[in-house]
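Visitor: One structure, as structure tokens, below. Some questions next.
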Amino acid sequence: MIEPEEEDEAETVARAELVMDLRRQNVAGRATLAALESVPRSLFLDAPHKSLAYRDRAAPIDCGQTISQPSVVAMMTEALALEPHMRVLEIGTGSGYQCAILARLAAEVVSVERYRHLSELAAARLAVLKITNVSLHVADGHDGWPAGAPYDRIIVTAATEAIPAALVDQLAPEGILIAPVGPAGGVQELMRCRHGAGGLVGERLADVRFVPLTPGIARIL
């Protein structure tokens with residue numbers, strides 16, 4: 001069971017300094033940065049990696065996955081252009097950190113993860129933060145979560161060489177999808193795509209590195 005953590009003064013200062021650094025980088029606006037400041041990243045890291053909580057770098061989590069660096073989380077969140085009434089589909093729950101940020105800014109978040117272990121850990125962390133507008137599901141991210149479609153926004157937190165057709169089908173008209181597109185193990189392009197009448201129209205935001213979007217539900221963990 002994950003217990004609420006007592007945040008000491010040093011951690012509070014470190015969290016504020018991280019947000020100030022992100023503000024200087026101009027990667028996100030006020031609402032997104034406020035959401036990041038409200039979520040203790042240390043809660044989403046295991047003890048050996050908690051020293052990385054307020055550094056702008058990725059960190060390892062269970063099941064061979066990673067938690068993205070805060071500047072990338074901020075940039076992807078900002079690119080979604082979220083509004084309070086919106087419903088969001090997240091592909092790749094991971095630690096639950098990005099999910100917690102989205103939950104601060106949207107009406108509802110549906111998050112899909114192929115590792116049951118990660119999904120259960122994320123659920124416990126979100127419960128500690130008393131976040132109740134999130135539903136977590138263990139499923140193949142390529143399939144999305146059609147039962148909840150359509151979604152105003154979709155965010156994919158793992159690299160794919162092509163955006164799965166099922167996700168396009170589940171995106172509302174004029175909805176926005178953010179995903180790292182490119183080969184596994186290399187550099188991908190972070191793409192912001194809008195669902196127009198003729199399909200997705202995309203723009204490149206940045207070069208990134210993400211773990212691959214692996215098909216299927218993990219047999220272990």
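Naming works like this for the structure tokens: A, B, ... for the chains as they're shown, residue 1 at the start of each chain, ligands 1 onward in shown order.
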Pick out the residues sitting within 6 Å of region 52-63 of chain A, and hand them over as a PyMOL selection string; count only C-alpha atoms, and ignore anything fewer than 4 positions along from it in its own chain.

Guide: chain A and resi 15+18+41-42+67-70

Visitor: What lies within 9 Å of Arg116 (chain A) using only C-alpha atoms, ignoring chain neighbours under 3 positions off, as a ChimeraX atom specification?

Guide: /A:113,119-121,137-139,217-218,220-221

Visitor: Kindly give the distance, in Å, that separates CA of Gly182 (chain A) and CA of Arg87 (chain A), rounded to a single decimal.

Guide: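 Computing it gives 26.3 Å between the two atoms.
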
Visitor: Find the residue from A:Ala14, A:Met75, A:Leu33, A:Leu102 that sits nearest to Ala206 (chain A); use only C-alpha atoms when measuring.

Guide: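 Ranked by minimum distance to Ala206 (chain A), first place goes to A:Met75.
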
Visitor: So how many Å separate CA of Asp140 (chain A) and CA of Pro215 (chain A), to one decimal?

Guide: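 Here the two named atoms are 5.9 Å from each other.
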
Visitor: Show me, as a list in words, the residues that have an atom within 7 Å of Ile101 (chain A) when counting only C-alpha atoms, minus same-chain residues fewer than 5 positions from it.

Guide: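 My reading of the contact set: Ala35, Leu36 and Val39 of chain A.
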
Visitor: Selection from above, C-alpha atoms, as a PDB file, in the first residue's frame, can you write it?

Guide:
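Output saved as again-v5.pdb:
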ATOM      1  CA  ALA A  35      -0.810  21.441 -12.504  1.00  0.00           C
ATOM      2  CA  LEU A  36       2.791  20.220 -12.450  1.00  0.00           C
ATOM      3  CA  VAL A  39       1.564  16.997  -8.203  1.00  0.00           C
TER       4      VAL A  39
END

Visitor: Run DSSP on the backbone and tell me which residues of region 15-219 of chain A come out as strand (DSSP E or B); list them as a PyMOL selection string.

Guide: chain A and resi 59-60+66-67+87-91+108-113+134-138+151-156+159-160+171-181+188-196+199-208+212
